[in-house]
Amino acid sequence: MTPASPAAAVPASAPDARFDPARAWFAAQGHLPFPFQEATWAAFAAGRSGLVHAPTGTGKTLAVAIPPMVLAPPGTAALAPPLALLWITPLRALAADTGHALAAAAAALQPHWRVDVRTGDTSSTARARQDRRLPTALVTTPESLTLLLARADWRERFAHLAAAVVDEWHELLSTKRGVQVELALARLRSLHPALPTWGLSATLANLDAALACLAGPRRAATAAIIRGEDRKKIVIDTLRPASIERFPWAGHIGLRLLPEVVRAIDRARTTLVFTNVRSQTEIWYQAILEARPDWAGTIALHHGSLEREARDWVEDGLRHARLRAVVCTSSLDLGVDYAPVEQVLQIGSPKGVGRLLQRAGRSGHRPGATSRITIVPTQALELVEAAAARDAAARRLLEPRQPRVAPLDVLIQHLVTCALGGGFRAEDLLAELRGTTAYATLAESDWRFALDFVVHGGATLNAYPEYRRVVIGDDGIARVPDAQIARRHRMGIGTIVSEPSMTVALQNGRRLGHVEEDFIARLAPGDAFVFAGRTVELVRVHELTAWVRPATKPSALVPRWTGGQMALSSELADATRHLVAEARRGVFASPELQLLRPLLELQARWSQLPEEDEWLIESIATRDGHGLFFYPFAGRLAHLGLATLFAWRLARAAPRTFSLTANDYGFGLLSPTPVPLARGELGRLLAAPDVERDLLAGLNAAELGRRQFRETARIAGLVFQGYPGQPNPARQVQASSALLYQVFADYDPENRLLAQTVREVLDHRLEAPRLALTLARLRGSRAALTRPPRPTPFAFPLLVELFRERFSNESLEARVARMVSELEAAAAT
DNA sequence: GACCTGCTGCGGGATG
C-alpha cells in the first residue's frame with residue numbers, strides 16, 4: 001500500500017484569498033476558524049484528495065463542504081448549477097442534519113446553489129424533482145448513490161461534479177458497504193479522473209489504509225491526511241461496588257450494580273446508558289423502571305429493532321432534554337449530536353478503545369467541554385478491563401479497521417449495476433476496478449468468473465434465464481436487456497442482509513418493532529414477553545406480523561436478536577494482559593485493581609498470574625470432568641477457533657470428545673477423563689501448518705458456510721427479497737440460499753462464491769488472522785502449566801459458560817451457587 | 001426451558 005503523504009506536506013503558504021468570504025462568514029457567526037481548516041482548504045484548492053481525522057463536534061463538515069462552494073465558478077441566480085458536490089453518509093438520520101449544514105453554508109457563499117437530500121425516505125415529489133434535475137449539492141447514502149449510477153443517463157447527470165465527500169468513512173471502511181462506496185467512487189473517477197475525494201473520520205488507527213481506499217491506490221500518494229487537533233478531554237472511570245465480596249465472578253448482565261446506576265442517573269440531568277446487546281437494553285430498562293417507577297415517561301430505550309417512529313421520539317426527547325436517561329445499544333453511537341447529554345454509562349465491557357471513545361464523545365459535545373464515560377462492570381474481571389481501557393484510551397491505542405479485499409459478491413452486484421448504468425466494455429471496467437484498493441489486485445480468473453456469472457449464471461445456473469442477467473452485444477457492450485431483471489436488481493442494491501424477522505404490533509395497529517421469527521415461533525398465543533419497554537402478550541400471528549396486547553401478567557421472557565459478535569479488541573486485550581502482569585509483580589496502580597486485589601491474589605495463590613511473555617494453562621479436575629483452561633487473551637472469536645483447533649488435534653492423537661467453552665480471556669476443554677498434556681504435545685497443538693484445514697475439519701463447517709452463504713447469495717443477486725409493500729418472503733431467502741449452497745457444493749465445488757464464503761467464515765466468524773498471530777505469540781512464550789485444586793477466578797466464568805449450555809436455568813443457578821459457596825469456603829482458608 | 005454475551009446500517013418506478 002502506498003504511504004500517504006503527511007499533513008505537513010500541505011504547503012503553509014499565505015492564506016488563499018479565495019476563501020475570504022468563508023472566513024468573513026465564520027467571523028460574522030462568531031465562530032473561530034477550526035485549526036485544521038486552512039490546511040484542508042489549501043489541499044483542496046491544490047486539487048488534492050484527502051482524509052480529515054478529527055473528533056466529532058470539531059467542525060469537520062464545514063471544513064470540507066466550503067471549498068467546493070468557494071472554488072466553484074460563480075453561476076447565475078436564475079439557474080441552479082447542476083450537481084457539483086456529492087456528499088455520502090452512512091446514516092439516513094445524518095443526511096437531514098448535513099443537508100441543513102450545507103444549505104446554511106451555501107446560503108452565505110453560493111446563494112444560487114440548491115442543496116437537497118436523497119435517501120430511501122425522500123418523498124416521491126422530491127424524488128420526481130430530482131429526477132428532472134439533481135441539486136447542486138446532494139446528500140445521499142451509498143445505496144441511493146449506487147441506484148443513481150444504475151441509471152442509463154448517470155454520466156450526463158454527474159457531468160459537472162466537482163467534489164465527492166464521504167462522511168464517517170471509518171464506519172464504512174471495513175465493510176462491504178465500504179467496498180460499494182469504493183466502486184461508486186471509481187465510477188465517478190472514470191468520468192472525472194482528477195475528482196477531489198475527501199473522507200471524514202474519527203477514532204481510527206490506520207489512516208493510510210483508509211485514505212488509500214478512499215482515493216484509490218494510484219492517487220493515495222498525492223492525497224493529504226489532515227489531523228484535527230485532539231485536545232478533547234476525556235475522563236474514563238468505573239462505577240465500583242463498595243466491596244468486591246459478593247461481586248460476581250461470571251455473567252454479563254450486571255444488575256448487581258443497579259442501585260449505583262440508579263443513583264448515578266439521579267445525579268445527572270441527562271444520561272445515556274450503553275449496553276452491548278439489544279436484550280440487555282430491554283432488561284436494564286425494566287430494572288431501572290422497577291427501581292424508580294416515578295421515572296416512567298422520562299426514561300426510554302433505543303435499539304435497532306424498535307420501530308423507527310419510537311426511535312425518532314427518543315432522539316427528539318434527547319435533543320430537547322426531555323428525557324432523564326436512555327438505555328441504548330450502538331444505535332446511538334453515531335449520528336445526531338445530542339448536546340444535552342451530560343453523562344454516559346457503559347454497562348459491561350466496551351470491547352474496544354475506539355468504541356469507548358466514540359461513546360464517551362456522546363457527552364460533553366461542545367467545544368472545550370469534557371467528555372466523560374463511566375464503565376459499569378458486570379463481573380469481577382471486567383474491572384481489570386476497565387482500567388486497561390482507560391490506559392489504552394489515554395495513549396490513544398485505537399483499533400485499525402481492516403478494509404475488505406475483493407469480495408466477489410459485491411463485484412457481481414456492481415457488474416449488473418454498471419450494465420444498467422449505460423452499459424460497459426469489459427476491458428474498460430476491469431481497468432476501472434483496478435483503480436480501487438479493494439480490487440487493485442483482482443485475479444484475472446476471478447474477474448472472468450464474475451463476468452461469466454452475470455452473463456451465463458455460471459456453471460450450474462445457466463439453464464435459468466433469470467440468472468443470465470447481462471448480455472454482451474455485437475458492439476462489445478454489456479447491458480441488461482430485460483426490464484424485469486433490471487427492476488429486481490435495483491430493488492436488491494446494497495450489502496446489508498438481515499435475519500428473517502416479524503413485525504410486532506399492538507391490536508390498534510401501532511407497530512412496536514421487530515423480533516426474529518424464531519423467537520415468535522417458540523411462543524403460543526397468551527405467552528407474554530418484554531419488548532420495546534413493555535410487557536406484551538401474543539394474540540396471534542398473521543402474515544409476518546405478531547399481534548400483541550398489553551400483558552396482564554408479568555413476564556421475564558426477553559427476545560434475543562442475532563447480530564454481529566463482538567470480541568475484545570487486540571489493543572484492549574493486550575492492555576489487560578499488561579495489567580495482569582503488573583499485578584503479578586505486586587503493582588495495583590488503579591482503584592479498580594486495588595478493589596480486585598484480593599481476587600487476583602487468590603488467582604496467584606491457587607494458580608498463577610501470567611507474565612506478558614507467559615502463557616497460563618490450568619489443569620483442573622472438577623465434579624463435571626477434567627478441564628484444561630488456556631488464557632491467550634485473544635478475544636472470544638479467536639478463542640472459539642483455538643478451542644476447536646486444540647480439541648481436533650488432541651482427539652486425533654487419542655480419540656476423545658470435549659466440551660468447549662470460550663470467552664474474551666481464554667478457553668477451556670472439558671473431558672470425562674484426564675487429558676495429560678506433555679510439553680511436546682503443546683508444540684503439536686500450536687503447530688502452524690494446516691491450521692485452517694484443521695479448523696475447518698473440527699468445525700461444523702458446512703453449517704457455518706450455509707449460514708454465511710446467505711449474505712453472499714443475497715448480495716450477488718441470486719435470491720430475491722420480494723417487492724416492497726408486500727410481505728417479505730425472508731424465509732424463502734433462507735431456504736433458497738441454502739438450496740443454492742447445496743447445488744454449488746454438489747455440482748460446482750470450484751464455484752468461487754463458495755471459496756469466498758469459507759474465507760469469510762474463517763476471517764470474520766473466527767478471526768483466523770488474529771488466531772494465527774496468537775498461535776505465533778504462544779509459540780514464542782513460556783507455557784506455565786498449573787494444577788489448581790479448584791476452579792480459579794480465571795476458570796470460573798468459563799465453567800459457568802459451559803454449564804449455561806448444558807443445564808436449565810434453575811439447575812444452573814443452583815450449580816453456580818454451590819460452586820460459589822465451595823469457593824468461598826476454600827478462599828477463606 | 002427460557003433470569004439473560006449475537007451491534008449497526010439501506011433499499012422502487014412507471015404513469016397520469
# chains A, B, ... in the order shown; residues from 1 in each chain; ligands from 1
call {"tool": "interface_residues", "arguments": {"of": "chain A", "to": "chain B", "cutoff": "7 Å", "atoms": "only C-alpha atoms (C1' of nucleotides)", "output": "PyMOL selection string"}}
result
chain A and resi 91+120+143+252-253+276-277+329-331+491-494+496+557+561-565+808
call {"tool": "select_by_dssp", "arguments": {"residues": "range 429-635 of chain A", "states": "strand (DSSP E)", "output": "VMD selection string"}}
result
chain A and resid 471 to 472 477 to 479 501 to 506 511 to 516 528 to 531 534 to 542 545 to 550 614 to 622 625 to 631
call {"tool": "write_last_selection", "arguments": {"atoms": "N, CA and C atoms", "output": "short mmCIF file (atom, residue, chain, number, x, y, z; two decimals), in the first residue's frame"}}
result
data_model
loop_
_atom_site.label_atom_id
_atom_site.label_comp_id
_atom_site.auth_asym_id
_atom_site.auth_seq_id
_atom_site.Cartn_x
_atom_site.Cartn_y
_atom_site.Cartn_z
N VAL A 471 -26.19 -9.16 -21.03
CA VAL A 471 -25.94 -9.63 -22.39
C VAL A 471 -24.88 -8.73 -23.03
N ILE A 472 -23.86 -9.36 -23.60
CA ILE A 472 -22.84 -8.56 -24.30
C ILE A 472 -23.22 -8.47 -25.77
N ILE A 477 -20.60 -4.19 -25.88
CA ILE A 477 -21.05 -3.51 -24.66
C ILE A 477 -22.02 -4.40 -23.90
N ALA A 478 -21.76 -4.53 -22.59
CA ALA A 478 -22.59 -5.36 -21.72
C ALA A 478 -23.77 -4.55 -21.21
N ARG A 479 -24.97 -5.09 -21.38
CA ARG A 479 -26.17 -4.38 -20.94
C ARG A 479 -27.14 -5.36 -20.29
N SER A 501 -37.30 -11.56 10.15
CA SER A 501 -37.91 -11.04 11.36
C SER A 501 -39.40 -10.79 11.14
N MET A 502 -40.08 -10.54 12.24
CA MET A 502 -41.51 -10.28 12.21
C MET A 502 -41.79 -8.93 12.84
N THR A 503 -42.78 -8.24 12.31
CA THR A 503 -43.23 -7.00 12.93
C THR A 503 -44.04 -7.35 14.18
N VAL A 504 -43.82 -6.61 15.25
CA VAL A 504 -44.66 -6.75 16.44
C VAL A 504 -45.57 -5.53 16.49
N ALA A 505 -46.88 -5.78 16.53
CA ALA A 505 -47.83 -4.66 16.51
C ALA A 505 -48.90 -4.86 17.56
N LEU A 506 -49.32 -3.74 18.16
CA LEU A 506 -50.46 -3.78 19.07
C LEU A 506 -51.73 -3.91 18.24
N ARG A 511 -47.24 -0.12 15.58
CA ARG A 511 -46.13 -1.06 15.47
C ARG A 511 -45.06 -0.75 16.50
N LEU A 512 -44.55 -1.79 17.15
CA LEU A 512 -43.54 -1.59 18.19
C LEU A 512 -42.13 -1.82 17.65
N GLY A 513 -41.99 -2.72 16.68
CA GLY A 513 -40.66 -3.01 16.17
C GLY A 513 -40.60 -4.41 15.58
N HIS A 514 -39.42 -5.01 15.63
CA HIS A 514 -39.22 -6.31 15.00
C HIS A 514 -38.54 -7.29 15.94
N VAL A 515 -39.00 -8.52 15.93
CA VAL A 515 -38.26 -9.59 16.60
C VAL A 515 -38.06 -10.72 15.59
N GLU A 516 -37.16 -11.62 15.93
CA GLU A 516 -36.86 -12.66 14.95
C GLU A 516 -37.96 -13.71 14.91
N ALA A 528 -46.45 -14.26 27.30
CA ALA A 528 -46.05 -12.86 27.44
C ALA A 528 -44.54 -12.71 27.28
N PHE A 529 -44.12 -11.56 26.80
CA PHE A 529 -42.69 -11.26 26.73
C PHE A 529 -42.48 -9.75 26.83
N VAL A 530 -41.24 -9.40 27.12
CA VAL A 530 -40.87 -8.00 27.29
C VAL A 530 -40.31 -7.49 25.97
N PHE A 531 -40.87 -6.39 25.48
CA PHE A 531 -40.36 -5.83 24.23
C PHE A 531 -40.70 -4.35 24.14
N ARG A 534 -42.12 -2.64 27.23
CA ARG A 534 -43.39 -3.00 27.86
C ARG A 534 -43.54 -4.52 27.84
N THR A 535 -44.47 -5.01 28.66
CA THR A 535 -44.73 -6.44 28.66
C THR A 535 -45.98 -6.69 27.83
N VAL A 536 -45.84 -7.52 26.83
CA VAL A 536 -46.97 -7.77 25.93
C VAL A 536 -47.27 -9.27 25.87
N GLU A 537 -48.44 -9.57 25.34
CA GLU A 537 -48.92 -10.95 25.28
C GLU A 537 -49.27 -11.24 23.83
N LEU A 538 -48.80 -12.35 23.33
CA LEU A 538 -49.06 -12.70 21.93
C LEU A 538 -50.53 -13.05 21.73
N VAL A 539 -51.16 -12.41 20.74
CA VAL A 539 -52.55 -12.73 20.43
C VAL A 539 -52.59 -13.72 19.27
N ARG A 540 -52.01 -13.30 18.15
CA ARG A 540 -51.95 -14.22 17.02
C ARG A 540 -50.86 -13.76 16.06
N VAL A 541 -50.50 -14.65 15.18
CA VAL A 541 -49.51 -14.32 14.15
C VAL A 541 -50.21 -14.38 12.81
N HIS A 542 -50.07 -13.30 12.03
CA HIS A 542 -50.72 -13.29 10.73
C HIS A 542 -49.82 -12.56 9.74
N THR A 545 -46.74 -10.68 10.87
CA THR A 545 -46.92 -9.73 11.95
C THR A 545 -47.37 -10.50 13.19
N ALA A 546 -46.71 -10.22 14.30
CA ALA A 546 -47.13 -10.80 15.58
C ALA A 546 -47.99 -9.75 16.27
N TRP A 547 -49.28 -10.02 16.36
CA TRP A 547 -50.20 -9.09 17.02
C TRP A 547 -50.17 -9.35 18.51
N VAL A 548 -50.01 -8.28 19.29
CA VAL A 548 -49.89 -8.45 20.74
C VAL A 548 -50.82 -7.47 21.44
N ARG A 549 -51.04 -7.70 22.73
CA ARG A 549 -51.75 -6.73 23.55
C ARG A 549 -51.01 -6.60 24.86
N PRO A 550 -51.26 -5.50 25.59
CA PRO A 550 -50.58 -5.35 26.89
C PRO A 550 -50.85 -6.59 27.75
N GLU A 614 4.26 -14.94 29.01
CA GLU A 614 3.97 -16.25 29.58
C GLU A 614 2.55 -16.65 29.19
N TRP A 615 2.33 -17.94 29.10
CA TRP A 615 1.04 -18.43 28.67
C TRP A 615 0.52 -19.37 29.75
N LEU A 616 -0.52 -18.97 30.44
CA LEU A 616 -1.03 -19.75 31.55
C LEU A 616 -1.98 -20.85 31.06
N ILE A 617 -1.72 -22.07 31.57
CA ILE A 617 -2.62 -23.19 31.29
C ILE A 617 -2.96 -23.83 32.63
N GLU A 618 -4.23 -24.04 32.88
CA GLU A 618 -4.63 -24.66 34.14
C GLU A 618 -5.27 -26.02 33.86
N SER A 619 -4.85 -27.00 34.58
CA SER A 619 -5.47 -28.32 34.50
C SER A 619 -6.25 -28.53 35.79
N ILE A 620 -7.55 -28.61 35.68
CA ILE A 620 -8.39 -28.65 36.88
C ILE A 620 -9.36 -29.83 36.80
N ALA A 621 -9.37 -30.61 37.87
CA ALA A 621 -10.36 -31.69 37.95
C ALA A 621 -11.59 -31.14 38.66
N THR A 622 -12.73 -31.19 38.02
CA THR A 622 -13.96 -30.73 38.65
C THR A 622 -14.90 -31.92 38.77
N GLY A 625 -15.85 -33.22 35.36
CA GLY A 625 -14.89 -33.72 34.40
C GLY A 625 -13.55 -33.04 34.56
N HIS A 626 -12.67 -33.36 33.63
CA HIS A 626 -11.33 -32.81 33.70
C HIS A 626 -11.19 -31.68 32.71
N GLY A 627 -10.77 -30.53 33.21
CA GLY A 627 -10.72 -29.36 32.35
C GLY A 627 -9.30 -28.88 32.11
N LEU A 628 -9.07 -28.49 30.86
CA LEU A 628 -7.83 -27.78 30.53
C LEU A 628 -8.25 -26.37 30.16
N PHE A 629 -7.68 -25.39 30.87
CA PHE A 629 -8.06 -24.00 30.62
C PHE A 629 -6.85 -23.21 30.14
N PHE A 630 -7.02 -22.52 29.03
CA PHE A 630 -5.92 -21.79 28.39
C PHE A 630 -6.29 -20.31 28.36
N TYR A 631 -5.29 -19.44 28.58
CA TYR A 631 -5.60 -18.00 28.63
C TYR A 631 -4.71 -17.18 27.69
#
call {"tool": "residues_around", "arguments": {"residues": "Ala653 in chain A", "least_positions_apart": "2", "cutoff": "12 Å", "atoms": "only C-alpha atoms (C1' of nucleotides)", "output": "PyMOL selection string"}}
result
chain A and resi 646-651+655-657+675-677+681+684-685
call {"tool": "write_last_selection", "arguments": {"atoms": "C-alpha atoms", "output": "CSV table (one decimal), in the first residue's frame"}}
result
chain,number,residue,atom,x,y,z
A,646,PHE,CA,-7.0,-27.9,20.0
A,647,ALA,CA,-9.9,-30.3,20.5
A,648,TRP,CA,-9.5,-31.5,17.0
A,649,ARG,CA,-5.7,-32.0,17.3
A,650,LEU,CA,-6.0,-33.7,20.7
A,651,ALA,CA,-8.7,-36.0,19.6
A,655,PRO,CA,-10.0,-40.4,20.3
A,656,ARG,CA,-12.0,-38.5,22.8
A,657,THR,CA,-14.7,-35.9,23.0
A,675,VAL,CA,-6.0,-35.2,29.5
A,676,PRO,CA,-2.3,-35.4,30.1
A,677,LEU,CA,-0.5,-32.5,28.5
A,681,GLU,CA,2.1,-32.1,23.0
A,684,ARG,CA,1.9,-30.0,18.2
A,685,LEU,CA,-1.2,-28.1,19.3
call {"tool": "residues_around", "arguments": {"residues": "Leu762 in chain A", "least_positions_apart": "2", "cutoff": "12 Å", "atoms": "only C-alpha atoms (C1' of nucleotides)", "output": "PyMOL selection string"}}
result
chain A and resi 637-638+640-642+691-696+699+701+704-705+708+755-760+764-772
call {"tool": "atom_distance", "arguments": {"atom1": "CA of Ala440 in chain A", "atom2": "CA of Pro217 in chain A"}}
result
7.6 Å
call {"tool": "residues_around", "arguments": {"residues": "Ile288 in chain A", "least_positions_apart": "5", "cutoff": "10 Å", "atoms": "only C-alpha atoms (C1' of nucleotides)", "output": "PyMOL selection string"}}
result
chain A and resi 255+258-259+261-262+265+283+293+295-296+299+325+327
call {"tool": "select_by_dssp", "arguments": {"residues": "range 245-477 of chain A", "states": "helix (DSSP H, G or I)", "output": "ChimeraX atom specification"}}
result
/A:255-267,278-291,293-295,308-319,330-332,353-360,381-394,408-420,426-434,444-456,458-461,465-467
call {"tool": "closest_atom_pairs", "arguments": {"of": "range 680-716 of chain A", "to": "range 405-428 of chain A", "cutoff": "6 Å", "atoms": "only C-alpha atoms", "output": "CSV"}}
result
residue,atom,partner,partner_atom,distance
A:Thr712,CA,A:Asp409,CA,5.7
A:Ile715,CA,A:Asp409,CA,5.7
A:Ala716,CA,A:Asp409,CA,4.4
call {"tool": "decode", "arguments": {"residues": "range 705-796 of chain A", "atoms": "C-alpha atoms", "output": "PDB file, in the first residue's frame"}}
result
ATOM      1  CA  GLY A 705     -20.865 -21.973   5.449  1.00  0.00           C
ATOM      2  CA  ARG A 706     -24.552 -22.332   4.755  1.00  0.00           C
ATOM      3  CA  ARG A 707     -25.331 -19.503   7.151  1.00  0.00           C
ATOM      4  CA  GLN A 708     -22.619 -17.276   5.771  1.00  0.00           C
ATOM      5  CA  PHE A 709     -23.648 -18.004   2.192  1.00  0.00           C
ATOM      6  CA  ARG A 710     -26.995 -16.356   2.800  1.00  0.00           C
ATOM      7  CA  GLU A 711     -25.261 -12.984   2.725  1.00  0.00           C
ATOM      8  CA  THR A 712     -23.284 -13.822  -0.405  1.00  0.00           C
ATOM      9  CA  ALA A 713     -26.341 -15.104  -2.258  1.00  0.00           C
ATOM     10  CA  ARG A 714     -28.322 -12.034  -1.365  1.00  0.00           C
ATOM     11  CA  ILE A 715     -25.599  -9.529  -2.366  1.00  0.00           C
ATOM     12  CA  ALA A 716     -24.720 -11.351  -5.579  1.00  0.00           C
ATOM     13  CA  GLY A 717     -28.386 -11.181  -6.532  1.00  0.00           C
ATOM     14  CA  LEU A 718     -29.007 -14.929  -6.514  1.00  0.00           C
ATOM     15  CA  VAL A 719     -32.056 -14.684  -4.289  1.00  0.00           C
ATOM     16  CA  PHE A 720     -34.809 -12.140  -4.486  1.00  0.00           C
ATOM     17  CA  GLN A 721     -36.103 -10.456  -1.366  1.00  0.00           C
ATOM     18  CA  GLY A 722     -39.552  -9.623  -2.627  1.00  0.00           C
ATOM     19  CA  TYR A 723     -41.328  -6.454  -3.599  1.00  0.00           C
ATOM     20  CA  PRO A 724     -41.685  -3.519  -1.223  1.00  0.00           C
ATOM     21  CA  GLY A 725     -45.094  -3.218   0.316  1.00  0.00           C
ATOM     22  CA  GLN A 726     -45.652  -6.939   0.144  1.00  0.00           C
ATOM     23  CA  PRO A 727     -44.889  -9.483   2.835  1.00  0.00           C
ATOM     24  CA  ASN A 728     -41.170 -10.033   2.726  1.00  0.00           C
ATOM     25  CA  PRO A 729     -40.518 -13.692   1.974  1.00  0.00           C
ATOM     26  CA  ALA A 730     -37.383 -13.690   4.106  1.00  0.00           C
ATOM     27  CA  ARG A 731     -37.956 -17.354   4.875  1.00  0.00           C
ATOM     28  CA  GLN A 732     -37.618 -18.106   1.217  1.00  0.00           C
ATOM     29  CA  VAL A 733     -34.341 -16.183   1.077  1.00  0.00           C
ATOM     30  CA  GLN A 734     -33.035 -18.521   3.729  1.00  0.00           C
ATOM     31  CA  ALA A 735     -34.423 -21.595   2.053  1.00  0.00           C
ATOM     32  CA  SER A 736     -33.260 -20.810  -1.436  1.00  0.00           C
ATOM     33  CA  SER A 737     -29.814 -19.616  -0.428  1.00  0.00           C
ATOM     34  CA  ALA A 738     -29.413 -22.903   1.435  1.00  0.00           C
ATOM     35  CA  LEU A 739     -30.568 -24.716  -1.681  1.00  0.00           C
ATOM     36  CA  LEU A 740     -28.143 -22.813  -3.894  1.00  0.00           C
ATOM     37  CA  TYR A 741     -25.346 -23.519  -1.450  1.00  0.00           C
ATOM     38  CA  GLN A 742     -26.112 -27.224  -1.724  1.00  0.00           C
ATOM     39  CA  VAL A 743     -26.321 -27.087  -5.512  1.00  0.00           C
ATOM     40  CA  PHE A 744     -22.954 -25.347  -5.755  1.00  0.00           C
ATOM     41  CA  ALA A 745     -21.383 -27.689  -3.231  1.00  0.00           C
ATOM     42  CA  ASP A 746     -22.648 -30.771  -5.077  1.00  0.00           C
ATOM     43  CA  TYR A 747     -22.284 -29.772  -8.728  1.00  0.00           C
ATOM     44  CA  ASP A 748     -19.891 -26.836  -8.816  1.00  0.00           C
ATOM     45  CA  PRO A 749     -17.482 -27.216  -5.886  1.00  0.00           C
ATOM     46  CA  GLU A 750     -14.992 -24.911  -7.598  1.00  0.00           C
ATOM     47  CA  ASN A 751     -17.510 -22.065  -7.535  1.00  0.00           C
ATOM     48  CA  ARG A 752     -15.622 -19.035  -6.307  1.00  0.00           C
ATOM     49  CA  LEU A 753     -18.522 -17.770  -4.246  1.00  0.00           C
ATOM     50  CA  LEU A 754     -18.162 -20.911  -2.108  1.00  0.00           C
ATOM     51  CA  ALA A 755     -14.475 -20.190  -1.607  1.00  0.00           C
ATOM     52  CA  GLN A 756     -15.329 -16.636  -0.623  1.00  0.00           C
ATOM     53  CA  THR A 757     -17.854 -17.947   1.898  1.00  0.00           C
ATOM     54  CA  VAL A 758     -15.267 -20.207   3.544  1.00  0.00           C
ATOM     55  CA  ARG A 759     -12.847 -17.264   3.658  1.00  0.00           C
ATOM     56  CA  GLU A 760     -15.467 -15.092   5.343  1.00  0.00           C
ATOM     57  CA  VAL A 761     -16.261 -17.749   7.933  1.00  0.00           C
ATOM     58  CA  LEU A 762     -12.566 -18.035   8.745  1.00  0.00           C
ATOM     59  CA  ASP A 763     -11.728 -14.348   8.723  1.00  0.00           C
ATOM     60  CA  HIS A 764     -14.817 -12.855  10.282  1.00  0.00           C
ATOM     61  CA  ARG A 765     -16.561 -15.500  12.352  1.00  0.00           C
ATOM     62  CA  LEU A 766     -13.354 -16.974  13.740  1.00  0.00           C
ATOM     63  CA  GLU A 767     -10.878 -14.120  13.296  1.00  0.00           C
ATOM     64  CA  ALA A 768      -8.403 -16.539  11.702  1.00  0.00           C
ATOM     65  CA  PRO A 769      -5.727 -13.884  11.091  1.00  0.00           C
ATOM     66  CA  ARG A 770      -5.763 -12.999  14.782  1.00  0.00           C
ATOM     67  CA  LEU A 771      -5.808 -16.676  15.645  1.00  0.00           C
ATOM     68  CA  ALA A 772      -2.667 -17.216  13.554  1.00  0.00           C
ATOM     69  CA  LEU A 773      -0.925 -14.262  15.227  1.00  0.00           C
ATOM     70  CA  THR A 774      -1.917 -15.651  18.613  1.00  0.00           C
ATOM     71  CA  LEU A 775      -0.501 -19.069  17.782  1.00  0.00           C
ATOM     72  CA  ALA A 776       2.773 -17.420  16.788  1.00  0.00           C
ATOM     73  CA  ARG A 777       2.845 -15.426  20.022  1.00  0.00           C
ATOM     74  CA  LEU A 778       2.115 -18.527  22.120  1.00  0.00           C
ATOM     75  CA  ARG A 779       4.878 -20.487  20.377  1.00  0.00           C
ATOM     76  CA  GLY A 780       7.288 -17.778  21.456  1.00  0.00           C
ATOM     77  CA  SER A 781       6.137 -17.608  25.055  1.00  0.00           C
ATOM     78  CA  ARG A 782       6.745 -19.782  28.085  1.00  0.00           C
ATOM     79  CA  ALA A 783       3.916 -22.131  28.956  1.00  0.00           C
ATOM     80  CA  ALA A 784       3.097 -22.110  32.653  1.00  0.00           C
ATOM     81  CA  LEU A 785       1.101 -25.210  33.486  1.00  0.00           C
ATOM     82  CA  THR A 786      -0.561 -25.234  36.892  1.00  0.00           C
ATOM     83  CA  ARG A 787      -2.802 -27.752  38.615  1.00  0.00           C
ATOM     84  CA  PRO A 788      -5.117 -25.691  40.830  1.00  0.00           C
ATOM     85  CA  PRO A 789      -7.087 -27.571  43.455  1.00  0.00           C
ATOM     86  CA  ARG A 790     -10.350 -25.988  42.276  1.00  0.00           C
ATOM     87  CA  PRO A 791     -11.679 -23.601  39.630  1.00  0.00           C
ATOM     88  CA  THR A 792      -9.734 -20.362  39.764  1.00  0.00           C
ATOM     89  CA  PRO A 793     -11.148 -16.863  39.287  1.00  0.00           C
ATOM     90  CA  PHE A 794      -9.975 -17.074  35.675  1.00  0.00           C
ATOM     91  CA  ALA A 795     -11.527 -20.518  35.073  1.00  0.00           C
ATOM     92  CA  PHE A 796     -14.791 -19.931  36.861  1.00  0.00           C
TER      93      PHE A 796
END
